[in-house]
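Raw work.pdb, PDB, C-alpha atoms and all ligand atoms:
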ATOM      1  CA  MET A   1      82.437  73.718  81.565
ATOM      2  CA  PRO A   2      80.826  71.386  84.127
ATOM      3  CA  GLU A   3      78.331  68.818  82.911
ATOM      4  CA  GLY A   4      75.714  66.640  84.514
ATOM      5  CA  GLN A   5      72.242  65.176  84.342
ATOM      6  CA  ILE A   6      69.028  66.794  85.537
ATOM      7  CA  VAL A   7      67.527  64.530  88.201
ATOM      8  CA  ARG A   8      64.747  66.789  89.503
ATOM      9  CA  ALA A   9      62.929  69.926  88.370
ATOM     10  CA  VAL A  10      60.968  71.958  90.898
ATOM     11  CA  GLY A  11      59.686  75.523  90.764
ATOM     12  CA  GLY A  12      62.019  76.751  88.051
ATOM     13  CA  PHE A  13      65.062  75.035  89.560
ATOM     14  CA  TYR A  14      66.887  72.152  87.953
ATOM     15  CA  TYR A  15      68.960  69.847  90.123
ATOM     16  CA  VAL A  16      71.946  68.697  88.111
ATOM     17  CA  ARG A  17      73.769  65.564  89.264
ATOM     18  CA  THR A  18      77.551  65.699  88.887
ATOM     19  CA  PRO A  19      80.283  63.406  90.211
ATOM     20  CA  ASP A  20      80.773  65.987  92.995
ATOM     21  CA  GLY A  21      77.135  66.201  94.051
ATOM     22  CA  ASP A  22      73.908  67.862  92.945
ATOM     23  CA  VAL A  23      73.968  71.493  91.842
ATOM     24  CA  GLN A  24      70.905  73.712  91.974
ATOM     25  CA  CYS A  25      70.568  75.511  88.646
ATOM     26  CA  ARG A  26      68.300  77.866  86.797
ATOM     27  CA  ALA A  27      67.882  77.734  83.025
ATOM     28  CA  ARG A  28      69.308  80.322  80.653
ATOM     29  CA  GLY A  29      66.757  82.994  79.715
ATOM     30  CA  ILE A  30      67.020  82.165  76.030
ATOM     31  CA  PHE A  31      65.414  78.744  76.620
ATOM     32  CA  LYS A  32      62.229  80.369  77.847
ATOM     33  CA  LYS A  33      62.152  82.743  74.894
ATOM     34  CA  ARG A  34      62.364  79.753  72.577
ATOM     35  CA  LYS A  35      59.660  77.996  74.611
ATOM     36  CA  PHE A  36      62.118  75.228  75.393
ATOM     37  CA  SER A  37      62.189  73.598  78.814
ATOM     38  CA  PRO A  38      64.971  71.399  80.105
ATOM     39  CA  LEU A  39      63.604  68.076  81.348
ATOM     40  CA  VAL A  40      64.548  65.575  83.996
ATOM     41  CA  GLY A  41      66.859  63.114  82.273
ATOM     42  CA  ASP A  42      68.527  65.783  80.135
ATOM     43  CA  ARG A  43      72.317  65.817  79.891
ATOM     44  CA  VAL A  44      73.346  69.424  80.332
ATOM     45  CA  THR A  45      76.243  71.828  80.555
ATOM     46  CA  PHE A  46      76.084  74.553  83.189
ATOM     47  CA  GLU A  47      78.039  77.543  84.418
ATOM     48  CA  TRP A  48      78.665  78.438  88.049
ATOM     49  CA  THR A  49      77.144  81.647  89.358
ATOM     50  CA  ALA A  50      78.522  83.765  92.180
ATOM     51  CA  ASN A  51      76.123  82.358  94.820
ATOM     52  CA  GLY A  52      77.255  78.749  94.355
ATOM     53  CA  GLU A  53      74.342  77.896  92.098
ATOM     54  CA  GLY A  54      74.439  77.238  88.391
ATOM     55  CA  VAL A  55      72.875  78.219  85.076
ATOM     56  CA  VAL A  56      72.078  75.525  82.539
ATOM     57  CA  THR A  57      73.557  76.791  79.296
ATOM     58  CA  GLN A  58      73.246  73.838  76.967
ATOM     59  CA  VAL A  59      71.100  70.717  76.639
ATOM     60  CA  GLU A  60      72.345  67.675  74.729
ATOM     61  CA  PRO A  61      70.088  66.352  71.964
ATOM     62  CA  ARG A  62      67.528  63.940  73.434
ATOM     63  CA  LYS A  63      67.357  60.264  72.561
ATOM     64  CA  THR A  64      63.702  60.118  73.587
ATOM     65  CA  GLU A  65      61.236  62.586  75.025
ATOM     66  CA  LEU A  66      58.003  61.880  76.860
ATOM     67  CA  VAL A  67      55.573  64.733  77.472
ATOM     68  CA  ARG A  68      53.535  63.010  80.186
ATOM     69  CA  PRO A  69      55.254  62.304  82.463
ATOM     70  CA  PRO A  70      57.827  64.880  81.326
ATOM     71  CA  ILE A  71      61.172  63.140  80.987
ATOM     72  CA  ALA A  72      64.013  62.874  78.482
ATOM     73  CA  ASN A  73      66.286  60.031  77.445
ATOM     74  CA  VAL A  74      64.462  57.115  79.051
ATOM     75  CA  GLU A  75      64.755  53.759  77.291
ATOM     76  CA  GLN A  76      61.983  51.896  79.027
ATOM     77  CA  ALA A  77      58.532  52.872  80.206
ATOM     78  CA  VAL A  78      57.141  50.838  83.069
ATOM     79  CA  VAL A  79      53.392  51.297  82.778
ATOM     80  CA  VAL A  80      51.951  50.636  86.219
ATOM     81  CA  CYS A  81      48.295  49.659  86.739
ATOM     82  CA  SER A  82      46.640  48.309  89.851
ATOM     83  CA  LEU A  83      44.435  45.230  89.700
ATOM     84  CA  ASN A  84      42.171  46.769  92.318
ATOM     85  CA  GLU A  85      41.921  50.023  94.339
ATOM     86  CA  PRO A  86      41.864  51.808  91.950
ATOM     87  CA  ARG A  87      40.185  49.237  89.713
ATOM     88  CA  PHE A  88      41.948  48.040  86.570
ATOM     89  CA  GLN A  89      41.142  50.284  83.584
ATOM     90  CA  PRO A  90      42.134  48.803  80.224
ATOM     91  CA  GLU A  91      41.289  51.991  78.352
ATOM     92  CA  LEU A  92      43.695  54.015  80.440
ATOM     93  CA  LEU A  93      46.384  51.362  80.053
ATOM     94  CA  ASP A  94      45.920  51.487  76.276
ATOM     95  CA  ARG A  95      46.302  55.264  76.328
ATOM     96  CA  PHE A  96      49.593  55.001  78.198
ATOM     97  CA  LEU A  97      50.777  52.295  75.823
ATOM     98  CA  VAL A  98      50.012  54.383  72.736
ATOM     99  CA  HIS A  99      51.997  57.307  74.113
ATOM    100  CA  CYS A 100      55.006  55.171  74.922
ATOM    101  CA  GLU A 101      54.869  53.371  71.580
ATOM    102  CA  HIS A 102      54.690  56.729  69.818
ATOM    103  CA  GLU A 103      57.972  57.708  71.479
ATOM    104  CA  GLY A 104      59.529  54.380  70.545
ATOM    105  CA  LEU A 105      60.145  53.298  74.146
ATOM    106  CA  GLU A 106      60.512  49.739  75.324
ATOM    107  CA  ILE A 107      57.511  48.865  77.441
ATOM    108  CA  LEU A 108      56.949  46.760  80.519
ATOM    109  CA  ILE A 109      53.462  46.439  81.992
ATOM    110  CA  VAL A 110      53.455  46.067  85.770
ATOM    111  CA  LEU A 111      50.214  45.088  87.476
ATOM    112  CA  THR A 112      50.162  45.899  91.189
ATOM    113  CA  LYS A 113      48.133  44.853  94.235
ATOM    114  CA  LEU A 114      47.834  41.212  93.198
ATOM    115  CA  ASP A 115      46.870  40.510  96.826
ATOM    116  CA  LEU A 116      43.691  42.581  96.309
ATOM    117  CA  LEU A 117      42.577  40.799  93.129
ATOM    118  CA  GLU A 118      39.136  39.311  93.721
ATOM    119  CA  ASP A 119      38.347  37.541  90.444
ATOM    120  CA  PRO A 120      40.663  34.516  90.113
ATOM    121  CA  ASN A 121      40.281  34.735  86.314
ATOM    122  CA  GLY A 122      41.153  38.425  86.214
ATOM    123  CA  LEU A 123      44.821  37.995  85.494
ATOM    124  CA  ARG A 124      44.261  35.453  82.749
ATOM    125  CA  GLN A 125      41.820  37.798  81.025
ATOM    126  CA  ILE A 126      44.269  40.687  81.127
ATOM    127  CA  ARG A 127      47.055  38.534  79.718
ATOM    128  CA  ALA A 128      44.749  37.436  76.916
ATOM    129  CA  MET A 129      44.301  41.100  75.949
ATOM    130  CA  TYR A 130      47.990  41.974  75.863
ATOM    131  CA  ASP A 131      49.778  38.775  74.859
ATOM    132  CA  PRO A 132      48.789  39.159  71.180
ATOM    133  CA  ALA A 133      50.546  42.543  71.252
ATOM    134  CA  GLY A 134      53.680  40.910  72.649
ATOM    135  CA  TYR A 135      53.798  42.972  75.815
ATOM    136  CA  ARG A 136      55.716  41.705  78.828
ATOM    137  CA  ILE A 137      53.481  41.710  81.907
ATOM    138  CA  VAL A 138      54.546  41.252  85.529
ATOM    139  CA  ALA A 139      51.959  40.929  88.297
ATOM    140  CA  THR A 140      53.207  42.132  91.674
ATOM    141  CA  SER A 141      52.251  42.627  95.271
ATOM    142  CA  ILE A 142      54.228  44.513  97.876
ATOM    143  CA  LYS A 143      52.372  42.492 100.519
ATOM    144  CA  THR A 144      53.366  39.012  99.299
ATOM    145  CA  GLY A 145      56.508  40.035  97.394
ATOM    146  CA  GLU A 146      55.290  38.325  94.241
ATOM    147  CA  GLY A 147      56.857  39.605  91.010
ATOM    148  CA  ILE A 148      59.189  42.005  92.803
ATOM    149  CA  GLU A 149      62.449  40.336  91.754
ATOM    150  CA  VAL A 150      61.298  40.144  88.144
ATOM    151  CA  VAL A 151      60.801  43.912  88.150
ATOM    152  CA  ARG A 152      64.233  44.403  89.697
ATOM    153  CA  GLU A 153      65.857  42.477  86.864
ATOM    154  CA  GLU A 154      63.995  44.516  84.271
ATOM    155  CA  LEU A 155      65.136  47.794  85.840
ATOM    156  CA  THR A 156      68.781  46.984  86.390
ATOM    157  CA  GLY A 157      71.225  48.733  84.085
ATOM    158  CA  ARG A 158      68.677  50.835  82.224
ATOM    159  CA  LEU A 159      66.984  54.190  82.420
ATOM    160  CA  SER A 160      63.286  53.575  83.080
ATOM    161  CA  VAL A 161      60.297  55.700  83.981
ATOM    162  CA  PHE A 162      57.330  54.601  86.095
ATOM    163  CA  ALA A 163      54.075  55.942  84.674
ATOM    164  CA  GLY A 164      50.529  55.373  85.860
ATOM    165  CA  GLN A 165      47.520  56.747  87.652
ATOM    166  CA  SER A 166      47.760  58.164  91.158
ATOM    167  CA  GLY A 167      47.442  55.501  93.842
ATOM    168  CA  VAL A 168      48.392  52.457  91.771
ATOM    169  CA  GLY A 169      51.495  52.009  93.923
ATOM    170  CA  LYS A 170      54.421  53.304  91.868
ATOM    171  CA  SER A 171      56.309  54.727  94.829
ATOM    172  CA  SER A 172      55.371  51.762  97.056
ATOM    173  CA  LEU A 173      56.825  49.316  94.551
ATOM    174  CA  LEU A 174      60.053  51.329  94.336
ATOM    175  CA  ASN A 175      60.273  51.390  98.141
ATOM    176  CA  ARG A 176      59.763  47.639  98.291
ATOM    177  CA  LEU A 177      62.535  47.179  95.720
ATOM    178  CA  TYR A 178      64.912  49.755  97.198
ATOM    179  CA  PRO A 179      63.988  50.427 100.848
ATOM    180  CA  ASP A 180      66.677  53.109 101.191
ATOM    181  CA  LEU A 181      64.704  55.402  98.889
ATOM    182  CA  GLU A 182      62.056  56.043 101.546
ATOM    183  CA  LEU A 183      59.687  57.599  99.008
ATOM    184  CA  GLN A 184      56.487  59.080 100.337
ATOM    185  CA  THR A 185      53.349  57.023  99.672
ATOM    186  CA  GLY A 186      49.699  57.765 100.329
ATOM    187  CA  ALA A 187      46.530  55.851 101.096
ATOM    188  CA  ILE A 188      43.733  55.632  98.544
ATOM    189  CA  SER A 189      40.709  57.811  99.171
ATOM    190  CA  ARG A 190      38.007  55.269 100.053
ATOM    191  CA  LYS A 191      35.279  57.667  99.033
ATOM    192  CA  LEU A 192      36.633  58.413  95.572
ATOM    193  CA  GLY A 193      38.497  55.150  94.998
ATOM    194  CA  ARG A 194      41.458  57.189  93.766
ATOM    195  CA  GLY A 195      44.953  58.105  94.805
ATOM    196  CA  ARG A 196      45.761  61.457  96.375
ATOM    197  CA  HIS A 197      48.635  62.599  94.179
ATOM    198  CA  THR A 198      51.258  61.896  96.786
ATOM    199  CA  THR A 199      54.304  62.127  94.497
ATOM    200  CA  ARG A 200      54.570  65.727  93.331
ATOM    201  CA  HIS A 201      57.622  65.809  91.091
ATOM    202  CA  VAL A 202      59.427  63.680  88.585
ATOM    203  CA  GLU A 203      62.564  62.402  90.260
ATOM    204  CA  LEU A 204      65.337  60.346  88.770
ATOM    205  CA  LEU A 205      66.798  57.822  91.206
ATOM    206  CA  ASP A 206      70.101  55.972  90.960
ATOM    207  CA  LEU A 207      69.752  52.222  91.476
ATOM    208  CA  PRO A 208      72.174  50.300  93.673
ATOM    209  CA  GLU A 209      72.623  47.593  91.015
ATOM    210  CA  GLY A 210      73.188  50.156  88.252
ATOM    211  CA  GLY A 211      70.689  51.990  86.110
ATOM    212  CA  GLN A 212      68.175  54.669  86.993
ATOM    213  CA  VAL A 213      64.441  54.909  87.438
ATOM    214  CA  ALA A 214      62.155  57.919  87.538
ATOM    215  CA  ASP A 215      59.262  58.014  89.976
ATOM    216  CA  THR A 216      56.561  60.351  88.690
ATOM    217  CA  PRO A 217      53.287  61.911  89.841
ATOM    218  CA  GLY A 218      50.199  59.964  88.784
ATOM    219  CA  PHE A 219      47.740  61.327  86.235
ATOM    220  CA  SER A 220      44.789  59.968  84.322
ATOM    221  CA  GLN A 221      44.088  62.521  81.592
ATOM    222  CA  LEU A 222      46.018  61.786  78.458
ATOM    223  CA  ALA A 223      45.117  63.356  75.109
ATOM    224  CA  PHE A 224      46.645  62.481  71.765
ATOM    225  CA  GLN A 225      48.259  65.676  70.596
ATOM    226  CA  HIS A 226      50.777  65.647  67.767
ATOM    227  CA  MET A 227      49.417  62.409  66.388
ATOM    228  CA  GLU A 228      47.955  61.760  62.955
ATOM    229  CA  PRO A 229      45.170  59.233  62.371
ATOM    230  CA  VAL A 230      47.427  57.120  60.119
ATOM    231  CA  ASP A 231      50.063  56.920  62.876
ATOM    232  CA  LEU A 232      47.750  55.401  65.440
ATOM    233  CA  SER A 233      47.726  51.752  64.372
ATOM    234  CA  ASP A 234      51.540  51.798  64.416
ATOM    235  CA  CYS A 235      51.197  52.307  68.175
ATOM    236  CA  PHE A 236      49.336  48.988  68.549
ATOM    237  CA  PRO A 237      51.977  46.300  67.886
ATOM    238  CA  GLU A 238      49.427  43.604  67.028
ATOM    239  CA  MET A 239      47.903  45.932  64.391
ATOM    240  CA  ARG A 240      51.233  47.227  63.126
ATOM    241  CA  LEU A 241      52.117  43.615  62.371
ATOM    242  CA  ARG A 242      49.006  43.014  60.274
ATOM    243  CA  ALA A 243      48.495  46.388  58.565
ATOM    244  CA  PRO A 244      50.789  45.527  55.603
ATOM    245  CA  ASP A 245      48.277  42.801  54.676
ATOM    246  CA  CYS A 246      45.338  45.205  54.465
ATOM    247  CA  ARG A 247      44.205  45.835  50.910
ATOM    248  CA  PHE A 248      44.784  49.582  51.098
ATOM    249  CA  ARG A 249      47.878  51.374  52.200
ATOM    250  CA  GLY A 250      46.952  53.921  54.863
ATOM    251  CA  CYS A 251      44.007  51.715  55.846
ATOM    252  CA  LEU A 252      42.492  53.057  59.081
ATOM    253  CA  HIS A 253      40.984  49.653  59.932
ATOM    254  CA  LYS A 254      37.506  51.130  60.363
ATOM    255  CA  ASN A 255      35.319  49.851  57.551
ATOM    256  CA  GLU A 256      37.621  49.536  54.566
ATOM    257  CA  PRO A 257      37.198  46.333  52.547
ATOM    258  CA  ASP A 258      39.713  43.497  52.986
ATOM    259  CA  CYS A 259      41.066  44.906  56.223
ATOM    260  CA  ARG A 260      43.325  42.343  57.863
ATOM    261  CA  VAL A 261      43.282  44.145  61.216
ATOM    262  CA  ARG A 262      39.515  44.145  61.489
ATOM    263  CA  GLU A 263      39.441  40.522  60.468
ATOM    264  CA  ALA A 264      41.902  39.735  63.273
ATOM    265  CA  ALA A 265      39.723  41.568  65.787
ATOM    266  CA  GLU A 266      36.645  39.675  64.593
ATOM    267  CA  ASN A 267      38.192  36.222  64.768
ATOM    268  CA  GLY A 268      39.801  36.849  68.160
ATOM    269  CA  GLU A 269      43.468  36.959  67.046
ATOM    270  CA  ILE A 270      43.633  40.394  68.617
ATOM    271  CA  ALA A 271      41.620  41.482  71.638
ATOM    272  CA  PRO A 272      38.281  43.115  70.820
ATOM    273  CA  SER A 273      38.876  45.693  73.588
ATOM    274  CA  ARG A 274      42.136  46.757  71.974
ATOM    275  CA  HIS A 275      40.484  47.289  68.598
ATOM    276  CA  ARG A 276      37.612  49.112  70.273
ATOM    277  CA  HIS A 277      39.980  51.487  72.045
ATOM    278  CA  TYR A 278      41.876  51.983  68.810
ATOM    279  CA  LEU A 279      38.660  53.139  67.103
ATOM    280  CA  GLN A 280      37.818  55.363  70.045
ATOM    281  CA  PHE A 281      41.265  57.024  70.037
ATOM    282  CA  LEU A 282      41.079  57.391  66.248
ATOM    283  CA  GLU A 283      37.834  59.284  66.692
ATOM    284  CA  GLU A 284      39.444  61.559  69.311
ATOM    285  CA  ILE A 285      42.369  62.335  67.033
ATOM    286  CA  SER A 286      40.070  63.111  64.098
ATOM    287  CA  GLU A 287      37.921  65.351  66.307
ATOM    288  CA  GLN A 288      40.944  67.369  67.397
ATOM    289  CA  ARG A 289      41.972  67.923  63.813
ATOM    290  CA  ARG A 290      38.594  69.382  62.971
ATOM    291  CA  TYR A 291      39.303  72.460  65.108
TER     292      TYR A 291
HETATM  293  N1  LIG B   1      47.316  45.827  99.225
HETATM  294  C1  LIG B   1      48.280  46.463  98.521
HETATM  295  N2  LIG B   1      48.386  47.811  98.610
HETATM  296  C2  LIG B   1      49.347  48.428  97.901
HETATM  297  C3  LIG B   1      50.237  47.706  97.056
HETATM  298  N3  LIG B   1      51.069  48.588  96.466
HETATM  299  C4  LIG B   1      50.716  49.812  96.943
HETATM  300  N4  LIG B   1      49.683  49.717  97.784
HETATM  301  C5  LIG B   1      49.010  50.834  98.491
HETATM  302  O1  LIG B   1      48.495  51.762  97.539
HETATM  303  C6  LIG B   1      48.504  53.092  98.094
HETATM  304  C7  LIG B   1      49.078  54.080  97.103
HETATM  305  O2  LIG B   1      50.443  53.810  96.899
HETATM  306  P1  LIG B   1      51.498  54.870  96.325
HETATM  307  O3  LIG B   1      52.787  54.142  96.203
HETATM  308  O4  LIG B   1      51.481  56.130  97.094
HETATM  309  O5  LIG B   1      50.891  55.147  94.872
HETATM  310  P2  LIG B   1      51.542  56.029  93.690
HETATM  311  O6  LIG B   1      51.267  55.306  92.414
HETATM  312  O7  LIG B   1      52.949  56.347  93.973
HETATM  313  O8  LIG B   1      50.624  57.346  93.737
HETATM  314  P3  LIG B   1      51.002  58.893  93.332
HETATM  315  O9  LIG B   1      52.318  59.220  93.936
HETATM  316  O10 LIG B   1      49.879  59.697  93.889
HETATM  317  O11 LIG B   1      51.028  58.920  91.818
HETATM  318  C8  LIG B   1      49.272  52.992  99.397
HETATM  319  O12 LIG B   1      48.349  52.964 100.454
HETATM  320  C9  LIG B   1      49.996  51.655  99.305
HETATM  321  O13 LIG B   1      50.226  51.043 100.556
HETATM  322  C10 LIG B   1      50.103  46.271  96.996
HETATM  323  O14 LIG B   1      50.831  45.554  96.297
HETATM  324  N5  LIG B   1      49.108  45.709  97.747
HETATM  325 MG    MG B   2      53.981  58.104  94.202
HETATM  326 ZN    ZN B   3      43.107  47.678  57.746
END

Write the structure described by the file as structure tokens, please.
Amino acid sequence: MPEGQIVRAVGGFYYVRTPDGDVQCRARGIFKKRKFSPLVGDRVTFEWTANGEGVVTQVEPRKTELVRPPIANVEQAVVVCSLNEPRFQPELLDRFLVHCEHEGLEILIVLTKLDLLEDPNGLRQIRAMYDPAGYRIVATSIKTGEGIEVVREELTGRLSVFAGQSGVGKSSLLNRLYPDLELQTGAISRKLGRGRHTTRHVELLDLPEGGQVADTPGFSQLAFQHMEPVDLSDCFPEMRLRAPDCRFRGCLHKNEPDCRVREAAENGEIAPSRHRHYLQFLEEISEQRRY
């Protein structure tokens, strides 16, 4: 039976890429009954139907699965944040990072719109927050071209997903890297200081140098479902590293005695904002469990 990879999902149709072109498919009814949805990135088997379309009959086990944005089998998450317009929001970045860590993805932080950065110290401050966690950060501008080639190298030969708020410039950066893509981009609403949700669907794109990248619609609401309080500090690499030295196993790094993580936050080894967001997310997760 023919096989391929889902590269786009729109309105109940799945577009399956095969060596002979893309085939428009529906999913087998049984998937819906089992509340299972095929995702972009899935490797699938399909059957031809009489009208030249297909029916997805089988989905290969996933290596990774991200719920927001919805995509299967990516290795690397490129978390995209703008330095300005919309303004840089460390809390939102930390939310994205936790989700990607939870799925065990490799992570690259891309900061966009370097040309719009007003505070000359801004970049140094951001690096100081994320260096202790070991994150790779690339600052870019599509106007000056800065950082663009670094991103290209990081994308080549791998399956990556771009994730980030609407308007941060995900599609613009991909266009700058690969002009043939001609992805649609949209201006920021001056009044609201936000993007306008220009990209509507997750789409997996083949890269000329090898590898694939998914452009995705922006979003800014991200809750922590399916996460336990004890799992959270594992999603902060700089805490994960220190947690074994806490006095108690299962330490939540709130107010337990001899907590190595809290000590590190107090003496500046890890960024205070990161520990603060950790405590805030921990509270959210505990709240959810109460209902
Ligand atoms: N000055 C400047 N503007 C940029 C840069 N990158 C993107 N923009 C602008 O930011 C706006 C939004 O860009 P998009 O690429 O549509 O943003 P997006 O992240 O794809 O947004 P959604 O598809 O809605 O999720 C556009 O007006 C771009 O021209 C940059 O490096 N510098
Ligand atoms: Mg876009
Ligand atoms: Zn602790």

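One finds CA of Glu3 (chain A) at 7.4 Å from CA of Arg43 (chain A).
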
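For the choices A:Gln184, A:Ala214, A:Leu222, A:Glu209, the atom-to-atom distance to ligand MG 2 (chain B) is smallest for A:Gln184 when using only C-alpha atoms and all ligand atoms.
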
What do you get as a PDB file with C-alpha atoms, keeping the file's coordinate frame if you pick all residues at most 9 Å from ligand ZN 3 (chain B), counting only C-alpha atoms and all ligand atoms?
ATOM      1  CA  MET A 239      47.903  45.932  64.391  1.00  0.00           C
ATOM      2  CA  ARG A 242      49.006  43.014  60.274  1.00  0.00           C
ATOM      3  CA  ALA A 243      48.495  46.388  58.565  1.00  0.00           C
ATOM      4  CA  PRO A 244      50.789  45.527  55.603  1.00  0.00           C
ATOM      5  CA  ASP A 245      48.277  42.801  54.676  1.00  0.00           C
ATOM      6  CA  CYS A 246      45.338  45.205  54.465  1.00  0.00           C
ATOM      7  CA  ARG A 247      44.205  45.835  50.910  1.00  0.00           C
ATOM      8  CA  PHE A 248      44.784  49.582  51.098  1.00  0.00           C
ATOM      9  CA  ARG A 249      47.878  51.374  52.200  1.00  0.00           C
ATOM     10  CA  GLY A 250      46.952  53.921  54.863  1.00  0.00           C
ATOM     11  CA  CYS A 251      44.007  51.715  55.846  1.00  0.00           C
ATOM     12  CA  LEU A 252      42.492  53.057  59.081  1.00  0.00           C
ATOM     13  CA  HIS A 253      40.984  49.653  59.932  1.00  0.00           C
ATOM     14  CA  LYS A 254      37.506  51.130  60.363  1.00  0.00           C
ATOM     15  CA  ASN A 255      35.319  49.851  57.551  1.00  0.00           C
ATOM     16  CA  GLU A 256      37.621  49.536  54.566  1.00  0.00           C
ATOM     17  CA  PRO A 257      37.198  46.333  52.547  1.00  0.00           C
ATOM     18  CA  ASP A 258      39.713  43.497  52.986  1.00  0.00           C
ATOM     19  CA  CYS A 259      41.066  44.906  56.223  1.00  0.00           C
ATOM     20  CA  ARG A 260      43.325  42.343  57.863  1.00  0.00           C
ATOM     21  CA  VAL A 261      43.282  44.145  61.216  1.00  0.00           C
ATOM     22  CA  ARG A 262      39.515  44.145  61.489  1.00  0.00           C
ATOM     23  CA  GLU A 263      39.441  40.522  60.468  1.00  0.00           C
TER      24      GLU A 263
END

Item to check | Within-9 Å residues of ligand MG 2 (chain B), basis all atoms listed in the file, as a PyMOL selection string | outcome: chain A and resi 166-172+183-186+197-200+215-218

Checklist entry - Evaluating the PyMOL selection byres (((chain A and resi 21) around 12) and not hetatm) on the displayed file yields which residues, as a ChimeraX atom specification? => result /A:2-7,15-20,22-24

Next on the checklist: Applying the PyMOL selection byres (((chain A and resi 220) around 12) and not hetatm) to the file I just gave you, which residues come out? Please list them as a PyMOL selection string.
Outcome noted: chain A and resi 68-69+80-81+86+89+91-96+163-168+194-195+197+217-219+221-223

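When CA of Cys100 (chain A) is paired with CA of Val213 (chain A), their separation reads 15.7 Å.
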
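Applied to the file shown here, the PyMOL selection byres (((chain A and resi 135) around 10) and not hetatm) selects the residues Leu97, Glu106, Ile107, Leu108, Ile109, Arg127, Met129, Tyr130, Asp131, Pro132, Ala133, Gly134, Arg136, Ile137, Val138, Pro237 and Glu238 of chain A.
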
Around ligand LIG 1 (chain B), fit a box with edges along x, y and z, padding it by 6 Å on each side, then list its centre and edge lengths in Å to one decimal as lines of an AutoDock Vina configuration file.
center_x = 50.1
center_y = 52.6
center_z = 96.2
size_x = 17.6
size_y = 26.1
size_z = 20.7

Next on the checklist: Set the distance at 10 Å and use only C-alpha atoms: which residues neighbour Gly147 (chain A) once local chain neighbours fewer than 4 positions away are removed? I'd like the list as a list in words.
Outcome noted: Val110, Leu111, Thr112, Leu114, Ile137, Val138, Ala139, Thr140, Ser141, Ile142, Val151 and Arg152 of chain A

Checklist entry - Around (53.9, 53.4, 67.7) in the file's own coordinates, what residues are found within 10 Å if you use all atoms listed in the file, given back as a count of residues only? => result 17

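With all atoms listed in the file as the basis for measurement, A:Leu116 is the residue among A:Leu155, A:Leu39, A:Val202, A:Leu116 that approaches ligand LIG 1 (chain B) most closely.
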
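For the set A:Gly157, A:Gly145, A:Pro229, A:Gly41, the residue with the smallest atom-to-atom gap to ligand LIG 1 (chain B) is A:Gly145, counting only C-alpha atoms and all ligand atoms.
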
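Considering all atoms listed in the file, the residue among A:His226, A:Lys143, A:Arg190, A:Lys32 positioned nearest to Thr57 (chain A) is A:Lys32.
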
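The nearest approach to ligand LIG 1 (chain B) among the residues A:Leu123, A:Val67, A:Leu205, A:Leu83, with only C-alpha atoms and all ligand atoms taken into account, belongs to A:Leu83.
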